[in-house]
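**Q** Submitted below is the structure of interest, expressed as structure tokens.
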Amino acid sequence: MKFLFLIIPALLTFPSASAQKTDTTKVELTRKFNANDRRNGYETYQSMNQVVGSGVNTMINTIDHRYEGLRGTPYFLPEWNKGQIEMVAGQHYKEVPIKFDAYRQHLILLRPQSGNDSIIVNASQVKSFQFKNSDGQVYTFRRIPTAKTDDEVLKEGYFLVLYQDKSALLKRILKTFKPADYKNPYSNGIRYDEFRNAVSYYILKPDQTLEKVKLSDKSIIEALGAHADELKAFVKQNNLGGKTENDAIQIVQKYDSF
């Protein structure tokens, strides 16, 4: 996998090696989360005598087989999906196989013409990307480097767009990694490493202010700031609690209608 530093003349024919940098993403994932790393090495010997010797006073070392491997995935969707990428410079690339690494916030592109090599697309040059899953569900992600927020990390990553007009309702999709914990007396007994989903929601107001919200009508209305009485009446009339993404979308849509 290689870093891609664009400008590119064509998406599937990239610049020379001098414009690319070897990316160790696949190697790092394998090395960091390889189930074999949990083994103690004794299994490579032909017999236990080679490890502990022999004799009546020999102590036997046992092998811990309790580790159960890795659960979950660092990717938003584990499979490659055909999608499109819109670049900051204005280029549009369509029908390209891509994945979103939510653990490290990387957009990854597959190059079948290059032996199925894959590269990380430089995030600073990506405006948005979009793809469908196997059921036809469309997902659109975008970067918001101009957002008004004190959290600089938010400007560097991607947001899933749930709704966008004058305002936007955005979903921040992250993955966290939880290592196995079962080997010491105070462990919690979890025998597997795991990638876990971590999501949060944001309102992007017309002035580009980015406000974190909870999925509740109260939190959303407070973040929007204006037309609070009208929005409360709308929520009550339509029996919306803002507890679902669809409820939240309707509230923000109503706000944009004023």
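Letters A, B, ... mark the chains of the structure tokens in the order given; residue numbers begin at 1 per chain; ligand numbers begin at 1, in order shown.
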Write out as JSON, numbers by chain all residues of range 146-176 of chain A that DSSP puts in strand (DSSP E or B) for this structure's backbone.
**A** {"A": [148, 159, 160, 161, 162, 163, 164, 168, 169, 170, 171, 172, 173, 174, 175, 176]}
**Q** Output C-alpha atoms of each residue in that selection to a file, as a tab-separated table (two decimals), in the first residue's frame.
**A**
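In the end it all went to selection32.tsv:
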```
chain	number	residue	atom	x	y	z
A	148	LYS	CA	-15.38	26.50	13.20
A	159	PHE	CA	-17.94	12.79	8.38
A	160	LEU	CA	-20.80	10.68	7.07
A	161	VAL	CA	-23.43	13.10	5.73
A	162	LEU	CA	-26.92	12.25	6.99
A	163	TYR	CA	-28.49	15.48	5.72
A	164	GLN	CA	-27.13	18.56	4.01
A	168	ALA	CA	-26.05	19.67	7.87
A	169	LEU	CA	-26.43	16.71	10.20
A	170	LEU	CA	-23.19	14.75	10.29
A	171	LYS	CA	-22.13	11.45	11.80
A	172	ARG	CA	-18.55	10.94	12.90
A	173	ILE	CA	-17.65	7.26	12.51
A	174	LEU	CA	-14.62	6.01	14.38
A	175	LYS	CA	-13.24	2.65	15.43
A	176	THR	CA	-11.43	1.99	18.68
```
**Q** I'd like the contact shell of range 84-95 of chain A - 7 Å cut-off, only C-alpha atoms, skipping same-chain residues fewer than 5 positions apart - returned as a ChimeraX atom specification.
**A** /A:11,125-131
**Q** Now that the selection is made, can you save its residues with C-alpha atoms as an mmCIF file, in the first residue's frame?
**A**
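Here's the written file out30.cif:
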```cif
data_model
loop_
_atom_site.group_PDB
_atom_site.id
_atom_site.type_symbol
_atom_site.label_atom_id
_atom_site.label_comp_id
_atom_site.auth_asym_id
_atom_site.auth_seq_id
_atom_site.Cartn_x
_atom_site.Cartn_y
_atom_site.Cartn_z
ATOM 1 C CA LEU A 11 -6.750 8.036 -11.107
ATOM 2 C CA GLN A 125 -6.703 16.615 -1.329
ATOM 3 C CA VAL A 126 -10.069 14.880 -0.830
ATOM 4 C CA LYS A 127 -13.281 16.909 -0.680
ATOM 5 C CA SER A 128 -15.691 13.973 -0.447
ATOM 6 C CA PHE A 129 -16.209 10.368 -1.460
ATOM 7 C CA GLN A 130 -19.268 8.195 -1.947
ATOM 8 C CA PHE A 131 -20.028 4.504 -2.380
#
```
**Q** With only C-alpha atoms as the counted atoms, please give the residues lying no more than 8 Å from Glu156 in chain A, apart from itself and same-chain residues fewer than 3 positions off, as a count of residues only.
**A** 7
**Q** Need the shell around Leu110 in chain A: protein/DNA/RNA residues with any atom at most 10 Å away, counting only C-alpha atoms. Skip same-chain ones fewer than 4 positions apart. Format as a list in words?
**A**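 Non-adjacent residues within range: Met1, Leu12, Trp80, Asn81, Lys82, Val96, Pro97, Ile98, Lys99, Ser114, Gly115, Asn116, Asp117, Ser118, Ile119 and Ile120 of chain A.
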**Q** Restricting it to N, CA and C atoms, dump the selection as a PDB file, in the first residue's frame.
**A**
```
ATOM      1  N   MET A   1       0.850  -1.188   0.000  1.00  0.00           N
ATOM      2  CA  MET A   1       0.000   0.000   0.000  1.00  0.00           C
ATOM      3  C   MET A   1       0.883   1.233   0.000  1.00  0.00           C
ATOM      4  N   LEU A  12      -6.162   5.951 -12.163  1.00  0.00           N
ATOM      5  CA  LEU A  12      -5.623   4.609 -12.159  1.00  0.00           C
ATOM      6  C   LEU A  12      -4.245   4.519 -12.790  1.00  0.00           C
ATOM      7  N   TRP A  80     -14.515  -4.192  -0.516  1.00  0.00           N
ATOM      8  CA  TRP A  80     -14.319  -3.107  -1.475  1.00  0.00           C
ATOM      9  C   TRP A  80     -15.647  -2.794  -2.144  1.00  0.00           C
ATOM     10  N   ASN A  81     -15.940  -1.504  -2.342  1.00  0.00           N
ATOM     11  CA  ASN A  81     -17.158  -1.086  -3.019  1.00  0.00           C
ATOM     12  C   ASN A  81     -16.816  -0.039  -4.068  1.00  0.00           C
ATOM     13  N   LYS A  82     -17.471  -0.138  -5.226  1.00  0.00           N
ATOM     14  CA  LYS A  82     -17.264   0.858  -6.265  1.00  0.00           C
ATOM     15  C   LYS A  82     -17.839   2.200  -5.794  1.00  0.00           C
ATOM     16  N   VAL A  96     -14.565   3.609  -8.946  1.00  0.00           N
ATOM     17  CA  VAL A  96     -13.277   3.124  -8.450  1.00  0.00           C
ATOM     18  C   VAL A  96     -13.514   2.361  -7.147  1.00  0.00           C
ATOM     19  N   PRO A  97     -12.833   1.230  -6.942  1.00  0.00           N
ATOM     20  CA  PRO A  97     -13.019   0.446  -5.706  1.00  0.00           C
ATOM     21  C   PRO A  97     -12.320   1.113  -4.522  1.00  0.00           C
ATOM     22  N   ILE A  98     -13.089   1.387  -3.473  1.00  0.00           N
ATOM     23  CA  ILE A  98     -12.560   2.092  -2.312  1.00  0.00           C
ATOM     24  C   ILE A  98     -13.045   1.453  -1.015  1.00  0.00           C
ATOM     25  N   LYS A  99     -12.295   1.745   0.062  1.00  0.00           N
ATOM     26  CA  LYS A  99     -12.676   1.388   1.428  1.00  0.00           C
ATOM     27  C   LYS A  99     -12.406   2.596   2.311  1.00  0.00           C
ATOM     28  N   SER A 114      -2.789  -2.683 -11.228  1.00  0.00           N
ATOM     29  CA  SER A 114      -1.437  -2.749 -10.664  1.00  0.00           C
ATOM     30  C   SER A 114      -1.301  -3.920  -9.700  1.00  0.00           C
ATOM     31  N   GLY A 115      -1.896  -5.044 -10.082  1.00  0.00           N
ATOM     32  CA  GLY A 115      -1.787  -6.231  -9.248  1.00  0.00           C
ATOM     33  C   GLY A 115      -2.541  -6.130  -7.946  1.00  0.00           C
ATOM     34  N   ASN A 116      -3.671  -5.402  -7.977  1.00  0.00           N
ATOM     35  CA  ASN A 116      -4.489  -5.204  -6.780  1.00  0.00           C
ATOM     36  C   ASN A 116      -3.710  -4.503  -5.663  1.00  0.00           C
ATOM     37  N   ASP A 117      -2.805  -3.644  -6.061  1.00  0.00           N
ATOM     38  CA  ASP A 117      -2.129  -2.783  -5.097  1.00  0.00           C
ATOM     39  C   ASP A 117      -3.157  -1.788  -4.558  1.00  0.00           C
ATOM     40  N   SER A 118      -2.998  -1.356  -3.325  1.00  0.00           N
ATOM     41  CA  SER A 118      -3.911  -0.363  -2.755  1.00  0.00           C
ATOM     42  C   SER A 118      -3.105   0.780  -2.175  1.00  0.00           C
ATOM     43  N   ILE A 119      -3.689   1.958  -2.202  1.00  0.00           N
ATOM     44  CA  ILE A 119      -3.009   3.159  -1.746  1.00  0.00           C
ATOM     45  C   ILE A 119      -3.931   3.967  -0.847  1.00  0.00           C
ATOM     46  N   ILE A 120      -3.324   4.756   0.051  1.00  0.00           N
ATOM     47  CA  ILE A 120      -4.061   5.706   0.869  1.00  0.00           C
ATOM     48  C   ILE A 120      -4.078   7.030   0.131  1.00  0.00           C
TER      49      ILE A 120
END
```
**Q** Contacts of Asp256 in chain A at 9 Å or less, counting only C-alpha atoms, minus same-chain residues fewer than 2 places along, as a PyMOL selection string?
**A** chain A and resi 165-167+251-254+258
**Q** Measuring atom to atom with only C-alpha atoms, identify which of A:Asp229, A:Glu211, A:Glu222, A:Glu79 is nearest to Leu154 in chain A.
**A**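 Using only C-alpha atoms, Leu154 in chain A sits closest to A:Glu211.
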**Q** Excluding same-chain residues fewer than 5 positions from Lys212 in chain A, what lies within 8 Å of it counting only C-alpha atoms, as a ChimeraX atom specification?
**A** /A:200-203,223
**Q** Which is closest to Gly69 in chain A among A:Lys183, A:Arg191, A:Arg196, A:Lys132, if we use only C-alpha atoms?
**A**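 Nearest candidate to Gly69 in chain A out of A:Lys183, A:Arg191, A:Arg196, A:Lys132: A:Arg191.
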**Q** Got a sec to tell me which of range 57-187 of chain A DSSP assigns to alpha helix (DSSP H), as a ChimeraX atom specification?
**A** /A:152-156
